[in-house]
Amino acid sequence: MSEIIGFIGLGNMGGPMAANLVRAGYRVRGFDLDAASLATAKEAGIEIAGSALEAAEAAGTVVTMLPAGHHVIEVWTQLTEAAPSGTLLIDSSTVDVASARRAHALAEARGCPSVDAPVSGGTGGAKAGTLTFMAGGSETAFARAEPILKGMGRSIFHCGEAGAGQAAKICNNMILGISMIGVCEAFALGEKLGLSRQALFDVASVSSGQCWSLTTYCPVPGPVPTSPANNAYRPGFAASLMLKDLRLAQAAAGTAGAATPLGAEAAQLYAVFEGLGHGGDDFSAIINMLRGRHTG
Ligand code: NAD
């Protein structure tokens with residue numbers, strides 16, 4: 001009989017990820033607080049449980065994919081009070097490093113190996129099974145988690161001990177937030193200087209300004225036809241999620257005593273953008289706010 005995996009949190013990311021585990025041949029028992037998410041999961045072949053604990057019953061591994069750190073602590077507290085020792089716990093949500101380490105400590109106290117394994121690749125990657133996983137935890141816990149993560153993703157990295165996956169995720173996304181604002185400022189300045197978008201793209205994409213925010217996710221329509229700018233800035237990756245990750249990076253920087261002045265500025269700019277009602281727009285749409293700002 002195939003291994004049972006409990007899956008808690010079947011939303012935009014968790015739903016398709018759990019469906020890919022079914023396709024990979026696992027029996028998946030899922031739970032979510034939201035009835036619509038449960039109905040979609042059922043259609044994808046996931047067995048529906050009445051609670052997180054029921055989803056975890058008889059499961060060798062439990063995966064959580066929840067909104068934030070306090071949800072993970074709440075669910076892992078329940079799980080570690082009931083799950084047999086030896087049950088592997090994997091959290092793939094994006095949460096603060098401190099909560100990730102607390103979750104690992106709960107698991108360790110119960111004798112459960114655990115892995116923090118946040119993802120990059122968005123809902124498209126979740127559906128296609130091409131997510132990148134960045135994992136933190138012991139070698140033995142990672143060795144058990146890796147084949148399961150491979151059922152949902154393409155690139156799997158073991159970044160270090162407990163919390164290292166979350167650390168890698170927020171550092172990467174801080175680069176992304178800062179670099180997107182930099183690319184947007186360059187296009188806004190180029191426009192004011194009478195430079196065509198295509199000319200700036202052609203030069204910068206093969207010069208020292210080259211980066212993912214420019215070449216894969218260009219914030220103006222035209223040069224990269226697949227970027228959200230060509231689709232009225234529909235996400236993609238919503239600005240509110242970028243703000244969440246930038247705030248997590250700021251919280252971690254505060255705790256660790258790291259200087260991140262550009263990360264702080266990026267968080268501030270995305271907070272203003274969200275405050276203007278654009279949290280649901282793709283994060284590259286911040287170019288529209290930057291264009292509207294004037295100096296002197
Ligand atoms: P979502 O809101 O669509 O899904 C979260 C699900 O968790 C919801 O269905 C909710 O009902 C459920 N939930 C909340 N508390 C619960 C509980 N106690 N028990 C059971 N279910 C519970 O969010 P999402 O887009 O799937 O994101 C999940 C995580 O992945 C977040 O941490 C997010 O930051 C991260 N992430 C999202 C993306 C993206 O593009 N959406 C990309 C990378 C990482």
# chains A, B, ... in the order shown; residues from 1 in each chain; ligands from 1
>>> residues_near_ligand(ligand="ligand 1", cutoff="6 Å", atoms="only C-alpha atoms and all ligand atoms", output="mmCIF file with C-alpha atoms, in the first residue's frame")
data_model
loop_
_atom_site.group_PDB
_atom_site.id
_atom_site.type_symbol
_atom_site.label_atom_id
_atom_site.label_comp_id
_atom_site.auth_asym_id
_atom_site.auth_seq_id
_atom_site.Cartn_x
_atom_site.Cartn_y
_atom_site.Cartn_z
ATOM 1 C CA ILE A 8 -2.992 20.709 5.744
ATOM 2 C CA GLY A 9 -3.749 23.946 3.887
ATOM 3 C CA LEU A 10 -5.207 23.283 0.427
ATOM 4 C CA GLY A 11 -5.332 26.872 -0.866
ATOM 5 C CA ASN A 12 -3.905 28.393 -4.047
ATOM 6 C CA MET A 13 -0.546 26.695 -3.498
ATOM 7 C CA GLY A 14 -1.346 23.721 -1.245
ATOM 8 C CA PHE A 31 -7.665 19.236 5.469
ATOM 9 C CA ASP A 32 -8.499 22.934 5.110
ATOM 10 C CA LEU A 33 -10.838 25.271 6.978
ATOM 11 C CA ASP A 34 -12.313 26.436 3.667
ATOM 12 C CA SER A 37 -10.733 24.418 -1.192
ATOM 13 C CA MET A 65 0.969 24.999 3.505
ATOM 14 C CA LEU A 66 -0.602 27.788 5.566
ATOM 15 C CA PRO A 67 -0.746 31.599 5.393
ATOM 16 C CA ALA A 68 1.618 32.684 8.218
ATOM 17 C CA HIS A 71 -1.132 29.266 11.694
ATOM 18 C CA VAL A 75 -1.370 23.359 13.609
ATOM 19 C CA SER A 93 4.519 27.996 4.033
ATOM 20 C CA THR A 94 6.537 31.224 3.947
ATOM 21 C CA VAL A 119 8.899 27.416 -2.146
ATOM 22 C CA SER A 120 9.511 29.723 -5.038
ATOM 23 C CA GLY A 122 4.128 30.705 -7.504
ATOM 24 C CA THR A 123 0.813 29.109 -8.342
ATOM 25 C CA PHE A 237 3.076 37.450 -7.771
#
>>> closest_atom_pairs(of="stretch 165-205 of chain A", to="stretch 125-146 of chain A", cutoff="8 Å", atoms="only C-alpha atoms", output="Markdown table")
| residue | atom | partner | partner_atom | distance |
| --- | --- | --- | --- | --- |
| A:Gly165 | CA | A:Ala135 | CA | 4.2 |
| A:Gln166 | CA | A:Met134 | CA | 7.5 |
| A:Ala168 | CA | A:Met134 | CA | 6.8 |
| A:Lys169 | CA | A:Met134 | CA | 7.0 |
>>> write_last_selection(atoms="C-alpha atoms", output="PDB file, in the first residue's frame")
ATOM      1  CA  GLY A 165      15.032  27.288   4.180  1.00  0.00           C
ATOM      2  CA  GLN A 166      13.038  30.295   5.401  1.00  0.00           C
ATOM      3  CA  ALA A 168      17.092  31.543   1.998  1.00  0.00           C
ATOM      4  CA  LYS A 169      13.543  32.354   0.892  1.00  0.00           C
TER       5      LYS A 169
END
>>> select_by_dssp(residues="stretch 91-243 of chain A", states="strand (DSSP E)", output="short mmCIF file (atom, residue, chain, number, x, y, z; two decimals) with N, CA and C atoms, in the first residue's frame")
data_model
loop_
_atom_site.label_atom_id
_atom_site.label_comp_id
_atom_site.auth_asym_id
_atom_site.auth_seq_id
_atom_site.Cartn_x
_atom_site.Cartn_y
_atom_site.Cartn_z
N ASP A 91 6.99 21.87 6.68
CA ASP A 91 6.20 23.09 6.48
C ASP A 91 6.73 23.82 5.25
N SER A 114 11.84 17.05 11.26
CA SER A 114 11.10 18.16 10.65
C SER A 114 11.95 18.94 9.67
N VAL A 115 11.26 19.55 8.70
CA VAL A 115 11.92 20.31 7.65
C VAL A 115 11.11 21.57 7.37
N ASP A 116 11.77 22.74 7.34
CA ASP A 116 11.10 23.92 6.79
C ASP A 116 11.48 23.95 5.31
N VAL A 119 8.79 27.61 -0.69
CA VAL A 119 8.90 27.42 -2.15
C VAL A 119 9.00 28.73 -2.89
N SER A 120 9.52 28.61 -4.10
CA SER A 120 9.51 29.72 -5.04
C SER A 120 8.94 29.15 -6.33
N LEU A 131 8.08 23.66 -8.77
CA LEU A 131 8.51 24.57 -7.70
C LEU A 131 9.98 24.36 -7.34
N THR A 132 10.59 25.41 -6.81
CA THR A 132 11.90 25.28 -6.17
C THR A 132 11.65 25.21 -4.67
N PHE A 133 12.24 24.21 -4.01
CA PHE A 133 12.13 24.09 -2.55
C PHE A 133 13.48 24.43 -1.94
N MET A 134 13.47 25.25 -0.87
CA MET A 134 14.69 25.52 -0.11
C MET A 134 14.45 25.03 1.30
N ALA A 135 15.25 24.03 1.71
CA ALA A 135 14.92 23.31 2.93
C ALA A 135 15.92 23.55 4.05
N GLY A 136 15.38 23.54 5.29
CA GLY A 136 16.22 23.60 6.48
C GLY A 136 15.85 22.45 7.40
N GLY A 153 8.05 19.43 -6.93
CA GLY A 153 8.95 20.46 -7.44
C GLY A 153 10.05 19.91 -8.32
N ARG A 154 10.84 20.82 -8.86
CA ARG A 154 11.91 20.41 -9.78
C ARG A 154 13.29 20.58 -9.13
N SER A 155 13.50 21.71 -8.44
CA SER A 155 14.81 21.95 -7.83
C SER A 155 14.65 21.95 -6.32
N ILE A 156 15.43 21.08 -5.66
CA ILE A 156 15.31 20.93 -4.20
C ILE A 156 16.68 21.22 -3.59
N PHE A 157 16.76 22.21 -2.70
CA PHE A 157 18.05 22.57 -2.09
C PHE A 157 17.99 22.36 -0.58
N HIS A 158 19.03 21.71 -0.03
CA HIS A 158 19.15 21.65 1.43
C HIS A 158 20.07 22.79 1.83
N CYS A 159 19.50 23.81 2.50
CA CYS A 159 20.24 25.05 2.76
C CYS A 159 20.96 25.05 4.11
N GLY A 160 20.63 24.09 5.00
CA GLY A 160 21.27 24.07 6.31
C GLY A 160 20.31 23.58 7.37
#
>>> atom_distance(atom1="atom CA of A:Gly263", atom2="atom CA of A:Leu246")
6.8 Å
>>> residues_around(residues="stretch 15-29 of chain A", least_positions_apart="5", cutoff="10 Å", atoms="only C-alpha atoms", output="MDAnalysis selection string")
chainID A and resid 1:10 37:38 40:50 52 54:59 61:63 65 123:131 148:153
>>> write_last_selection(atoms="C-alpha atoms", output="short mmCIF file (atom, residue, chain, number, x, y, z; two decimals), in the first residue's frame")
data_model
loop_
_atom_site.label_atom_id
_atom_site.label_comp_id
_atom_site.auth_asym_id
_atom_site.auth_seq_id
_atom_site.Cartn_x
_atom_site.Cartn_y
_atom_site.Cartn_z
CA MET A 1 0.00 0.00 0.00
CA SER A 2 1.32 3.48 -0.85
CA GLU A 3 2.48 5.83 1.89
CA ILE A 4 -0.16 8.17 3.32
CA ILE A 5 0.69 11.89 3.38
CA GLY A 6 -1.37 14.30 5.47
CA PHE A 7 -1.69 17.71 3.80
CA ILE A 8 -2.99 20.71 5.74
CA GLY A 9 -3.75 23.95 3.89
CA LEU A 10 -5.21 23.28 0.43
CA SER A 37 -10.73 24.42 -1.19
CA LEU A 38 -11.82 21.02 0.14
CA THR A 40 -11.50 21.30 -5.35
CA ALA A 41 -9.06 19.01 -3.54
CA LYS A 42 -11.59 16.16 -3.55
CA GLU A 43 -11.94 16.43 -7.32
CA ALA A 44 -8.14 16.08 -7.59
CA GLY A 45 -8.24 12.74 -5.75
CA ILE A 46 -7.33 13.94 -2.25
CA GLU A 47 -9.14 12.11 0.57
CA ILE A 48 -10.85 14.73 2.73
CA ALA A 49 -10.38 14.66 6.51
CA GLY A 50 -12.55 16.42 9.11
CA ALA A 52 -5.86 18.44 10.87
CA GLU A 54 -7.61 13.24 11.18
CA ALA A 55 -5.52 14.14 8.10
CA ALA A 56 -2.39 13.18 10.03
CA GLU A 57 -3.75 9.86 11.30
CA ALA A 58 -1.68 6.92 9.98
CA ALA A 59 0.36 9.33 7.85
CA THR A 61 4.54 12.47 6.67
CA VAL A 62 2.46 15.61 7.18
CA VAL A 63 2.91 18.70 4.97
CA MET A 65 0.97 25.00 3.50
CA THR A 123 0.81 29.11 -8.34
CA GLY A 124 1.98 28.30 -11.89
CA GLY A 125 4.91 26.31 -10.51
CA ALA A 126 2.64 24.64 -7.94
CA LYS A 127 0.29 23.44 -10.71
CA ALA A 128 3.07 22.37 -13.06
CA GLY A 129 5.05 20.64 -10.29
CA THR A 130 8.10 22.78 -11.05
CA LEU A 131 8.51 24.57 -7.70
CA ILE A 148 8.27 13.83 -1.35
CA LEU A 149 9.37 17.35 -2.31
CA LYS A 150 10.42 15.98 -5.70
CA GLY A 151 6.79 14.97 -6.21
CA MET A 152 5.88 18.69 -6.09
CA GLY A 153 8.95 20.46 -7.44
#
>>> closest_residue(among="A:Ala252, A:Leu243, A:Ala204, A:Ala35", to="A:Ala98", atoms="only C-alpha atoms")
A:Ala252
>>> decode(residues="stretch 229-257 of chain A", atoms="N, CA and C atoms", output="PDB file, in the first residue's frame")
ATOM      1  N   ALA A 229       3.147  42.689 -17.088  1.00  0.00           N
ATOM      2  CA  ALA A 229       2.913  44.028 -17.634  1.00  0.00           C
ATOM      3  C   ALA A 229       2.088  43.951 -18.924  1.00  0.00           C
ATOM      4  N   ASN A 230       2.201  42.817 -19.625  1.00  0.00           N
ATOM      5  CA  ASN A 230       1.443  42.644 -20.880  1.00  0.00           C
ATOM      6  C   ASN A 230       0.018  42.170 -20.622  1.00  0.00           C
ATOM      7  N   ASN A 231      -0.297  41.921 -19.369  1.00  0.00           N
ATOM      8  CA  ASN A 231      -1.598  41.353 -19.012  1.00  0.00           C
ATOM      9  C   ASN A 231      -2.256  42.213 -17.927  1.00  0.00           C
ATOM     10  N   ALA A 232      -2.179  43.524 -18.126  1.00  0.00           N
ATOM     11  CA  ALA A 232      -2.773  44.510 -17.205  1.00  0.00           C
ATOM     12  C   ALA A 232      -2.293  44.316 -15.764  1.00  0.00           C
ATOM     13  N   TYR A 233      -1.069  43.807 -15.600  1.00  0.00           N
ATOM     14  CA  TYR A 233      -0.449  43.602 -14.283  1.00  0.00           C
ATOM     15  C   TYR A 233      -1.265  42.671 -13.385  1.00  0.00           C
ATOM     16  N   ARG A 234      -1.961  41.708 -14.020  1.00  0.00           N
ATOM     17  CA  ARG A 234      -2.615  40.692 -13.182  1.00  0.00           C
ATOM     18  C   ARG A 234      -1.516  39.749 -12.667  1.00  0.00           C
ATOM     19  N   PRO A 235      -1.613  39.296 -11.386  1.00  0.00           N
ATOM     20  CA  PRO A 235      -0.526  38.460 -10.862  1.00  0.00           C
ATOM     21  C   PRO A 235      -0.608  37.033 -11.434  1.00  0.00           C
ATOM     22  N   GLY A 236       0.498  36.328 -11.697  1.00  0.00           N
ATOM     23  CA  GLY A 236       1.822  36.660 -11.202  1.00  0.00           C
ATOM     24  C   GLY A 236       2.009  36.502  -9.688  1.00  0.00           C
ATOM     25  N   PHE A 237       2.714  37.416  -9.179  1.00  0.00           N
ATOM     26  CA  PHE A 237       3.076  37.450  -7.771  1.00  0.00           C
ATOM     27  C   PHE A 237       2.528  38.761  -7.226  1.00  0.00           C
ATOM     28  N   ALA A 238       1.508  38.638  -6.366  1.00  0.00           N
ATOM     29  CA  ALA A 238       0.794  39.826  -5.905  1.00  0.00           C
ATOM     30  C   ALA A 238       1.689  40.707  -5.031  1.00  0.00           C
ATOM     31  N   ALA A 239       1.478  42.028  -5.155  1.00  0.00           N
ATOM     32  CA  ALA A 239       2.261  42.989  -4.374  1.00  0.00           C
ATOM     33  C   ALA A 239       2.121  42.735  -2.870  1.00  0.00           C
ATOM     34  N   SER A 240       0.930  42.292  -2.422  1.00  0.00           N
ATOM     35  CA  SER A 240       0.748  42.044  -0.981  1.00  0.00           C
ATOM     36  C   SER A 240       1.633  40.896  -0.500  1.00  0.00           C
ATOM     37  N   LEU A 241       1.865  39.887  -1.371  1.00  0.00           N
ATOM     38  CA  LEU A 241       2.753  38.781  -0.979  1.00  0.00           C
ATOM     39  C   LEU A 241       4.205  39.257  -0.946  1.00  0.00           C
ATOM     40  N   MET A 242       4.564  40.131  -1.892  1.00  0.00           N
ATOM     41  CA  MET A 242       5.919  40.702  -1.853  1.00  0.00           C
ATOM     42  C   MET A 242       6.110  41.497  -0.565  1.00  0.00           C
ATOM     43  N   LEU A 243       5.088  42.276  -0.186  1.00  0.00           N
ATOM     44  CA  LEU A 243       5.187  43.060   1.044  1.00  0.00           C
ATOM     45  C   LEU A 243       5.351  42.128   2.252  1.00  0.00           C
ATOM     46  N   LYS A 244       4.583  41.035   2.257  1.00  0.00           N
ATOM     47  CA  LYS A 244       4.702  40.068   3.360  1.00  0.00           C
ATOM     48  C   LYS A 244       6.152  39.583   3.484  1.00  0.00           C
ATOM     49  N   ASP A 245       6.750  39.192   2.359  1.00  0.00           N
ATOM     50  CA  ASP A 245       8.107  38.644   2.395  1.00  0.00           C
ATOM     51  C   ASP A 245       9.132  39.710   2.779  1.00  0.00           C
ATOM     52  N   LEU A 246       8.937  40.956   2.299  1.00  0.00           N
ATOM     53  CA  LEU A 246       9.869  42.031   2.669  1.00  0.00           C
ATOM     54  C   LEU A 246       9.771  42.326   4.169  1.00  0.00           C
ATOM     55  N   ARG A 247       8.561  42.227   4.720  1.00  0.00           N
ATOM     56  CA  ARG A 247       8.406  42.452   6.172  1.00  0.00           C
ATOM     57  C   ARG A 247       9.059  41.323   6.966  1.00  0.00           C
ATOM     58  N   LEU A 248       8.944  40.091   6.457  1.00  0.00           N
ATOM     59  CA  LEU A 248       9.614  38.967   7.132  1.00  0.00           C
ATOM     60  C   LEU A 248      11.129  39.198   7.131  1.00  0.00           C
ATOM     61  N   ALA A 249      11.648  39.702   5.994  1.00  0.00           N
ATOM     62  CA  ALA A 249      13.086  39.970   5.913  1.00  0.00           C
ATOM     63  C   ALA A 249      13.478  41.061   6.918  1.00  0.00           C
ATOM     64  N   GLN A 250      12.635  42.097   7.050  1.00  0.00           N
ATOM     65  CA  GLN A 250      12.933  43.163   8.001  1.00  0.00           C
ATOM     66  C   GLN A 250      12.903  42.659   9.440  1.00  0.00           C
ATOM     67  N   ALA A 251      11.929  41.789   9.734  1.00  0.00           N
ATOM     68  CA  ALA A 251      11.847  41.226  11.095  1.00  0.00           C
ATOM     69  C   ALA A 251      13.106  40.413  11.384  1.00  0.00           C
ATOM     70  N   ALA A 252      13.531  39.605  10.410  1.00  0.00           N
ATOM     71  CA  ALA A 252      14.723  38.772  10.608  1.00  0.00           C
ATOM     72  C   ALA A 252      15.961  39.652  10.736  1.00  0.00           C
ATOM     73  N   ALA A 253      16.032  40.720   9.931  1.00  0.00           N
ATOM     74  CA  ALA A 253      17.198  41.612   9.984  1.00  0.00           C
ATOM     75  C   ALA A 253      17.276  42.295  11.351  1.00  0.00           C
ATOM     76  N   GLY A 254      16.103  42.674  11.883  1.00  0.00           N
ATOM     77  CA  GLY A 254      16.069  43.306  13.206  1.00  0.00           C
ATOM     78  C   GLY A 254      16.594  42.353  14.278  1.00  0.00           C
ATOM     79  N   THR A 255      16.126  41.092  14.219  1.00  0.00           N
ATOM     80  CA  THR A 255      16.539  40.105  15.229  1.00  0.00           C
ATOM     81  C   THR A 255      18.025  39.785  15.098  1.00  0.00           C
ATOM     82  N   ALA A 256      18.485  39.677  13.843  1.00  0.00           N
ATOM     83  CA  ALA A 256      19.874  39.255  13.618  1.00  0.00           C
ATOM     84  C   ALA A 256      20.855  40.422  13.677  1.00  0.00           C
ATOM     85  N   GLY A 257      20.355  41.667  13.695  1.00  0.00           N
ATOM     86  CA  GLY A 257      21.241  42.833  13.711  1.00  0.00           C
ATOM     87  C   GLY A 257      21.935  43.060  12.372  1.00  0.00           C
TER      88      GLY A 257
END
